[in-house]
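Asks: Have a peek at run-v9.cif (mmCIF, C-alpha atoms, pLDDT in the B column; chains and numbers go by the auth columns).
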data_upload
loop_
_atom_site.group_PDB
_atom_site.id
_atom_site.type_symbol
_atom_site.label_atom_id
_atom_site.label_comp_id
_atom_site.label_asym_id
_atom_site.label_seq_id
_atom_site.Cartn_x
_atom_site.Cartn_y
_atom_site.Cartn_z
_atom_site.B_iso_or_equiv
_atom_site.auth_seq_id
_atom_site.auth_asym_id
ATOM 1 C CA MET A 1 6.510 -6.799 8.540 39.00 1 A
ATOM 2 C CA PHE A 2 8.068 -3.854 6.779 47.00 2 A
ATOM 3 C CA ASN A 3 11.475 -2.270 7.152 58.00 3 A
ATOM 4 C CA GLN A 4 11.057 1.092 8.796 71.00 4 A
ATOM 5 C CA THR A 5 13.096 4.012 7.575 82.00 5 A
ATOM 6 C CA LYS A 6 13.881 7.343 9.143 87.00 6 A
ATOM 7 C CA ALA A 7 12.244 9.188 6.225 92.00 7 A
ATOM 8 C CA LYS A 8 9.973 12.070 7.191 93.00 8 A
ATOM 9 C CA THR A 9 8.723 12.880 3.685 96.00 9 A
ATOM 10 C CA PRO A 10 8.071 10.867 0.521 97.00 10 A
ATOM 11 C CA SER A 11 11.047 12.527 -1.203 96.00 11 A
ATOM 12 C CA GLU A 12 13.313 11.464 1.691 95.00 12 A
ATOM 13 C CA TYR A 13 11.975 7.908 1.362 96.00 13 A
ATOM 14 C CA PHE A 14 12.976 7.767 -2.307 96.00 14 A
ATOM 15 C CA LYS A 15 16.487 8.957 -1.430 95.00 15 A
ATOM 16 C CA LEU A 16 16.892 5.998 0.954 93.00 16 A
ATOM 17 C CA VAL A 17 15.924 3.313 -1.574 93.00 17 A
ATOM 18 C CA PRO A 18 18.849 1.460 -3.198 93.00 18 A
ATOM 19 C CA LYS A 19 19.404 2.749 -6.736 95.00 19 A
ATOM 20 C CA GLU A 20 18.696 -0.619 -8.385 96.00 20 A
ATOM 21 C CA TYR A 21 15.086 -0.478 -7.085 96.00 21 A
ATOM 22 C CA LEU A 22 14.382 3.242 -7.365 96.00 22 A
ATOM 23 C CA ALA A 23 12.999 3.366 -10.921 97.00 23 A
ATOM 24 C CA GLU A 24 10.572 0.539 -10.250 97.00 24 A
ATOM 25 C CA LEU A 25 9.472 2.034 -6.922 97.00 25 A
ATOM 26 C CA LYS A 26 8.779 5.314 -8.704 97.00 26 A
ATOM 27 C CA GLN A 27 6.719 3.425 -11.326 98.00 27 A
ATOM 28 C CA ILE A 28 4.571 1.891 -8.605 98.00 28 A
ATOM 29 C CA ASP A 29 4.263 5.278 -6.884 98.00 29 A
ATOM 30 C CA ALA A 30 3.131 6.856 -10.172 98.00 30 A
ATOM 31 C CA LEU A 31 0.606 4.046 -10.711 98.00 31 A
ATOM 32 C CA ILE A 32 -0.906 4.705 -7.283 98.00 32 A
ATOM 33 C CA LYS A 33 -0.964 8.494 -7.717 98.00 33 A
ATOM 34 C CA LYS A 34 -2.555 8.254 -11.176 98.00 34 A
ATOM 35 C CA ASN A 35 -5.300 5.872 -10.049 98.00 35 A
ATOM 36 C CA ALA A 36 -5.867 7.314 -6.574 98.00 36 A
ATOM 37 C CA PRO A 37 -5.318 11.055 -7.025 98.00 37 A
ATOM 38 C CA SER A 38 -7.479 11.855 -4.000 97.00 38 A
ATOM 39 C CA LEU A 39 -5.098 10.001 -1.648 98.00 39 A
ATOM 40 C CA LYS A 40 -2.458 12.375 -0.318 97.00 40 A
ATOM 41 C CA PRO A 41 1.077 10.892 -0.156 98.00 41 A
ATOM 42 C CA CYS A 42 2.641 10.774 3.307 97.00 42 A
ATOM 43 C CA ILE A 43 5.078 8.886 5.517 97.00 43 A
ATOM 44 C CA ILE A 44 3.635 6.771 8.326 95.00 44 A
ATOM 45 C CA SER A 45 5.764 4.350 10.326 90.00 45 A
ATOM 46 C CA GLY A 46 8.702 5.122 8.054 90.00 46 A
ATOM 47 C CA MET A 47 7.104 4.031 4.784 91.00 47 A
ATOM 48 C CA LEU A 48 5.177 5.576 1.932 97.00 48 A
ATOM 49 C CA GLY A 49 1.477 5.941 2.540 97.00 49 A
ATOM 50 C CA TYR A 50 -1.382 7.300 0.477 98.00 50 A
ATOM 51 C CA GLY A 51 -4.589 8.580 2.047 97.00 51 A
ATOM 52 C CA PRO A 52 -3.724 9.084 5.717 96.00 52 A
ATOM 53 C CA TYR A 53 -6.595 8.644 8.163 95.00 53 A
ATOM 54 C CA LYS A 54 -7.302 8.133 11.863 93.00 54 A
ATOM 55 C CA TYR A 55 -8.276 4.634 12.958 92.00 55 A
ATOM 56 C CA LYS A 56 -9.569 3.027 16.109 88.00 56 A
ATOM 57 C CA SER A 57 -8.748 -0.633 16.724 85.00 57 A
ATOM 58 C CA GLN A 58 -11.089 -3.136 18.319 85.00 58 A
ATOM 59 C CA SER A 59 -9.081 -2.797 21.536 90.00 59 A
ATOM 60 C CA GLY A 60 -9.816 0.941 21.535 88.00 60 A
ATOM 61 C CA SER A 61 -6.367 2.272 20.657 90.00 61 A
ATOM 62 C CA GLU A 62 -6.239 5.038 18.072 93.00 62 A
ATOM 63 C CA GLY A 63 -3.594 6.083 15.584 92.00 63 A
ATOM 64 C CA ASP A 64 -2.704 7.239 12.101 93.00 64 A
ATOM 65 C CA TRP A 65 -2.573 4.893 9.129 95.00 65 A
ATOM 66 C CA PHE A 66 -3.088 4.952 5.355 96.00 66 A
ATOM 67 C CA VAL A 67 -5.473 3.457 2.812 97.00 67 A
ATOM 68 C CA ILE A 68 -2.568 2.278 0.618 98.00 68 A
ATOM 69 C CA GLY A 69 1.047 1.788 1.656 97.00 69 A
ATOM 70 C CA LEU A 70 4.171 1.056 -0.369 97.00 70 A
ATOM 71 C CA ALA A 71 7.526 -0.183 0.865 95.00 71 A
ATOM 72 C CA ARG A 72 10.661 -1.663 -0.618 94.00 72 A
ATOM 73 C CA GLN A 73 11.763 -4.632 1.484 92.00 73 A
ATOM 74 C CA LYS A 74 15.065 -6.472 1.191 90.00 74 A
ATOM 75 C CA ASN A 75 13.788 -8.930 -1.450 93.00 75 A
ATOM 76 C CA TYR A 76 10.468 -7.558 -2.668 96.00 76 A
ATOM 77 C CA PHE A 77 8.000 -4.691 -2.876 97.00 77 A
ATOM 78 C CA SER A 78 5.082 -4.590 -0.454 96.00 78 A
ATOM 79 C CA LEU A 79 1.819 -2.953 -1.408 97.00 79 A
ATOM 80 C CA TYR A 80 -0.451 -2.593 1.625 97.00 80 A
ATOM 81 C CA ILE A 81 -4.162 -2.326 0.876 97.00 81 A
ATOM 82 C CA CYS A 82 -5.873 -1.302 4.105 95.00 82 A
ATOM 83 C CA ALA A 83 -9.483 -1.700 3.043 95.00 83 A
ATOM 84 C CA LEU A 84 -12.263 -4.149 3.793 94.00 84 A
ATOM 85 C CA THR A 85 -14.969 -5.262 1.380 94.00 85 A
ATOM 86 C CA LYS A 86 -18.612 -4.653 2.248 92.00 86 A
ATOM 87 C CA GLU A 87 -18.659 -8.263 3.454 94.00 87 A
ATOM 88 C CA GLY A 88 -15.887 -7.436 5.953 92.00 88 A
ATOM 89 C CA LYS A 89 -13.118 -9.327 4.105 95.00 89 A
ATOM 90 C CA TYR A 90 -9.667 -7.956 3.363 96.00 90 A
ATOM 91 C CA LEU A 91 -9.670 -6.518 -0.146 97.00 91 A
ATOM 92 C CA ALA A 92 -6.207 -7.833 -1.133 97.00 92 A
ATOM 93 C CA GLU A 93 -7.041 -11.436 -0.204 96.00 93 A
ATOM 94 C CA GLY A 94 -9.769 -11.522 -2.818 95.00 94 A
ATOM 95 C CA TYR A 95 -7.209 -11.170 -5.634 97.00 95 A
ATOM 96 C CA LYS A 96 -4.952 -14.180 -4.969 95.00 96 A
ATOM 97 C CA LYS A 97 -6.031 -15.988 -8.141 96.00 97 A
ATOM 98 C CA GLU A 98 -5.594 -12.891 -10.297 97.00 98 A
ATOM 99 C CA LEU A 99 -2.044 -12.283 -9.007 97.00 99 A
ATOM 100 C CA PRO A 100 -0.502 -15.773 -9.020 97.00 100 A
ATOM 101 C CA LYS A 101 3.139 -14.592 -8.937 97.00 101 A
ATOM 102 C CA ALA A 102 2.519 -12.396 -5.878 98.00 102 A
ATOM 103 C CA SER A 103 2.473 -13.469 -2.266 97.00 103 A
ATOM 104 C CA ILE A 104 -0.741 -12.153 -0.756 97.00 104 A
ATOM 105 C CA GLY A 105 -1.529 -11.809 2.931 95.00 105 A
ATOM 106 C CA LYS A 106 -4.608 -10.295 4.501 94.00 106 A
ATOM 107 C CA SER A 107 -3.826 -6.760 3.374 95.00 107 A
ATOM 108 C CA CYS A 108 -0.418 -7.064 1.713 97.00 108 A
ATOM 109 C CA ILE A 109 0.603 -7.849 -1.849 98.00 109 A
ATOM 110 C CA ARG A 110 4.284 -8.787 -2.148 98.00 110 A
ATOM 111 C CA PHE A 111 6.119 -9.104 -5.471 98.00 111 A
ATOM 112 C CA THR A 112 9.743 -9.027 -6.576 97.00 112 A
ATOM 113 C CA LYS A 113 9.190 -6.886 -9.661 96.00 113 A
ATOM 114 C CA LEU A 114 6.288 -5.005 -11.184 96.00 114 A
ATOM 115 C CA SER A 115 6.315 -7.203 -14.284 96.00 115 A
ATOM 116 C CA ASP A 116 5.357 -10.167 -12.036 96.00 116 A
ATOM 117 C CA VAL A 117 1.889 -8.724 -11.465 97.00 117 A
ATOM 118 C CA ASP A 118 -0.908 -7.656 -13.774 97.00 118 A
ATOM 119 C CA GLU A 119 -0.981 -3.860 -13.593 97.00 119 A
ATOM 120 C CA LYS A 120 -4.657 -3.836 -14.588 98.00 120 A
ATOM 121 C CA VAL A 121 -5.448 -5.911 -11.513 98.00 121 A
ATOM 122 C CA LEU A 122 -3.387 -3.580 -9.298 98.00 122 A
ATOM 123 C CA ILE A 123 -5.244 -0.597 -10.729 98.00 123 A
ATOM 124 C CA LYS A 124 -8.566 -2.304 -9.988 98.00 124 A
ATOM 125 C CA ILE A 125 -7.486 -2.961 -6.391 98.00 125 A
ATOM 126 C CA ILE A 126 -6.224 0.608 -5.920 98.00 126 A
ATOM 127 C CA LYS A 127 -9.453 2.126 -7.227 98.00 127 A
ATOM 128 C CA GLU A 128 -11.555 -0.186 -5.093 97.00 128 A
ATOM 129 C CA ALA A 129 -9.495 0.704 -1.997 97.00 129 A
ATOM 130 C CA VAL A 130 -10.172 4.388 -2.639 97.00 130 A
ATOM 131 C CA LYS A 131 -13.921 3.743 -2.742 96.00 131 A
ATOM 132 C CA LEU A 132 -13.880 1.598 0.408 95.00 132 A
ATOM 133 C CA GLY A 133 -11.614 3.856 2.469 92.00 133 A
ATOM 134 C CA GLY A 134 -9.411 2.802 5.361 89.00 134 A
ATOM 135 C CA MET A 135 -10.161 0.090 7.881 85.00 135 A
ATOM 136 C CA ASN A 136 -11.587 1.062 11.296 81.00 136 A
ATOM 137 C CA THR A 137 -11.792 4.728 10.328 82.00 137 A
ATOM 138 C CA VAL A 138 -12.674 7.122 13.138 75.00 138 A
ATOM 139 C CA LYS A 139 -15.676 9.093 11.972 66.00 139 A
#
Using structure tokens, write down the structure that the file contains.

Replies:
Amino acid sequence: MFNQTKAKTPSEYFKLVPKEYLAELKQIDALIKKNAPSLKPCIISGMLGYGPYKYKSQSGSEGDWFVIGLARQKNYFSLYICALTKEGKYLAEGYKKELPKASIGKSCIRFTKLSDVDEKVLIKIIKEAVKLGGMNTVK
């Protein structure tokens, strides 16, 4: 789970990040913005999001979420990829072999520093997430 902040805007979020992680967080932010320019930056649940959308869960509850999320945790960066493949599988899970130094959950890619992951693979994932859109989108 991610550490929530009290940030209300992306610029406020950056001000709350410890200085030793700020440059790298901004690099990841720039990578997302460059490769997903159609996804508007936002803050949802106290973290950076890109591509806000409305979702409806299987239980019927509705809310706001993002296609891609980014957070600085205590010991690592979390990149949330909230997209399913056409086969109904979590997009991030399909890249475990290509990102061996990252810890990958269903929709989360965790890494301690950007140099631990192949940026070309991250770019591929980001672009694919844009095409697939958010999970459980309300249409």

Asks: List as a count of residues only the protein and nucleic acid residues near region 28-44 of chain A, meaning an atom at most 12 Å away when all atoms listed in the file are counted, but skip any in the same chain fewer than 6 places from it.

Replies: 54

Asks: When you count only C-alpha atoms, which of these residues is closest to Tyr76 (chain A): A:Leu16, A:Val138, A:Leu91, A:Ala102?

Replies: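 Checking each candidate against Tyr76 (chain A), we get A:Ala102 as the closest.
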
Asks: Using all atoms listed in the file, pick whichever of A:Ile104, A:Tyr95, A:Gly60, A:Gln73 has the shortest atom-to-atom distance to Met47 (chain A).

Replies: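 The shortest atom-to-atom distance to Met47 (chain A) comes from A:Gln73.
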
Asks: Which residue gives the smallest distance to Arg110 (chain A) among A:Glu62, A:Glu20, A:Glu93, A:Glu87, with all atoms listed in the file counted?

Replies: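 Closest candidate: A:Glu93.
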
Asks: Could you work out how far CA of Leu132 (chain A) lies from CA of Thr85 (chain A), giving the answer in Å with one decimal?

Replies: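 CA of Leu132 (chain A) lies at a distance of 7.0 Å from CA of Thr85 (chain A).
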
Asks: Centre and edge lengths, as AutoDock Vina command-line options, for the axis-aligned box enclosing every listed atom of region 32-45 of chain A with 6 Å of padding on each of the six sides, in Å to one decimal?

Replies:
--center_x -0.9 --center_y 8.4 --center_z -0.4 --size_x 25.2 --size_y 20.0 --size_z 33.5

Asks: Measure the distance from CA of Asp116 (chain A) to CA of Val17 (chain A) in Å and round it to one decimal.

Replies: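 These two atoms are separated by 20.1 Å.
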
Asks: State, in Å with one decimal place, the distance from CA of Thr112 (chain A) to CA of Lys74 (chain A).

Replies: 9.8 Å

Asks: Could I see region 95-116 of chain A restored to N, CA and C atoms, set down as an mmCIF file, in the frame of the given file?

Replies:
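Output file out-v9.cif is given in full below:
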data_model
loop_
_atom_site.group_PDB
_atom_site.id
_atom_site.type_symbol
_atom_site.label_atom_id
_atom_site.label_comp_id
_atom_site.auth_asym_id
_atom_site.auth_seq_id
_atom_site.Cartn_x
_atom_site.Cartn_y
_atom_site.Cartn_z
ATOM 1 N N TYR A 95 -7.874 -11.213 -4.326
ATOM 2 C CA TYR A 95 -7.209 -11.170 -5.634
ATOM 3 C C TYR A 95 -6.077 -12.182 -5.777
ATOM 4 N N LYS A 96 -6.028 -13.187 -4.911
ATOM 5 C CA LYS A 96 -4.952 -14.180 -4.969
ATOM 6 C C LYS A 96 -4.882 -14.874 -6.327
ATOM 7 N N LYS A 97 -6.020 -15.260 -6.863
ATOM 8 C CA LYS A 97 -6.031 -15.988 -8.141
ATOM 9 C C LYS A 97 -5.613 -15.096 -9.309
ATOM 10 N N GLU A 98 -5.918 -13.812 -9.206
ATOM 11 C CA GLU A 98 -5.594 -12.891 -10.297
ATOM 12 C C GLU A 98 -4.139 -12.411 -10.261
ATOM 13 N N LEU A 99 -3.446 -12.680 -9.149
ATOM 14 C CA LEU A 99 -2.044 -12.283 -9.007
ATOM 15 C C LEU A 99 -1.219 -13.501 -8.567
ATOM 16 N N PRO A 100 -1.137 -14.508 -9.423
ATOM 17 C CA PRO A 100 -0.502 -15.773 -9.020
ATOM 18 C C PRO A 100 0.985 -15.685 -8.684
ATOM 19 N N LYS A 101 1.708 -14.711 -9.226
ATOM 20 C CA LYS A 101 3.139 -14.592 -8.937
ATOM 21 C C LYS A 101 3.419 -13.765 -7.683
ATOM 22 N N ALA A 102 2.367 -13.201 -7.091
ATOM 23 C CA ALA A 102 2.519 -12.396 -5.878
ATOM 24 C C ALA A 102 2.212 -13.249 -4.656
ATOM 25 N N SER A 103 2.802 -12.875 -3.558
ATOM 26 C CA SER A 103 2.473 -13.469 -2.266
ATOM 27 C C SER A 103 1.472 -12.512 -1.620
ATOM 28 N N ILE A 104 0.307 -13.028 -1.266
ATOM 29 C CA ILE A 104 -0.741 -12.153 -0.756
ATOM 30 C C ILE A 104 -1.145 -12.575 0.651
ATOM 31 N N GLY A 105 -1.061 -11.618 1.563
ATOM 32 C CA GLY A 105 -1.529 -11.809 2.931
ATOM 33 C C GLY A 105 -2.877 -11.136 3.071
ATOM 34 N N LYS A 106 -3.296 -10.916 4.286
ATOM 35 C CA LYS A 106 -4.608 -10.295 4.501
ATOM 36 C C LYS A 106 -4.720 -8.949 3.779
ATOM 37 N N SER A 107 -3.751 -8.080 4.005
ATOM 38 C CA SER A 107 -3.826 -6.760 3.374
ATOM 39 C C SER A 107 -2.537 -6.379 2.654
ATOM 40 N N CYS A 108 -1.701 -7.358 2.336
ATOM 41 C CA CYS A 108 -0.418 -7.064 1.713
ATOM 42 C C CYS A 108 -0.218 -7.880 0.443
ATOM 43 N N ILE A 109 0.253 -7.201 -0.584
ATOM 44 C CA ILE A 109 0.603 -7.849 -1.849
ATOM 45 C C ILE A 109 2.110 -7.682 -2.013
ATOM 46 N N ARG A 110 2.825 -8.811 -2.038
ATOM 47 C CA ARG A 110 4.284 -8.787 -2.148
ATOM 48 C C ARG A 110 4.704 -9.356 -3.500
ATOM 49 N N PHE A 111 5.619 -8.645 -4.171
ATOM 50 C CA PHE A 111 6.119 -9.104 -5.471
ATOM 51 C C PHE A 111 7.544 -8.614 -5.656
ATOM 52 N N THR A 112 8.334 -9.385 -6.407
ATOM 53 C CA THR A 112 9.743 -9.027 -6.576
ATOM 54 C C THR A 112 9.956 -7.948 -7.629
ATOM 55 N N LYS A 113 9.101 -7.951 -8.659
ATOM 56 C CA LYS A 113 9.190 -6.886 -9.661
ATOM 57 C C LYS A 113 7.794 -6.633 -10.233
ATOM 58 N N LEU A 114 7.598 -5.421 -10.690
ATOM 59 C CA LEU A 114 6.288 -5.005 -11.184
ATOM 60 C C LEU A 114 5.802 -5.877 -12.331
ATOM 61 N N SER A 115 6.718 -6.366 -13.152
ATOM 62 C CA SER A 115 6.315 -7.203 -14.284
ATOM 63 C C SER A 115 5.760 -8.561 -13.845
ATOM 64 N N ASP A 116 5.913 -8.912 -12.567
ATOM 65 C CA ASP A 116 5.357 -10.167 -12.036
ATOM 66 C C ASP A 116 3.861 -10.088 -11.760
#
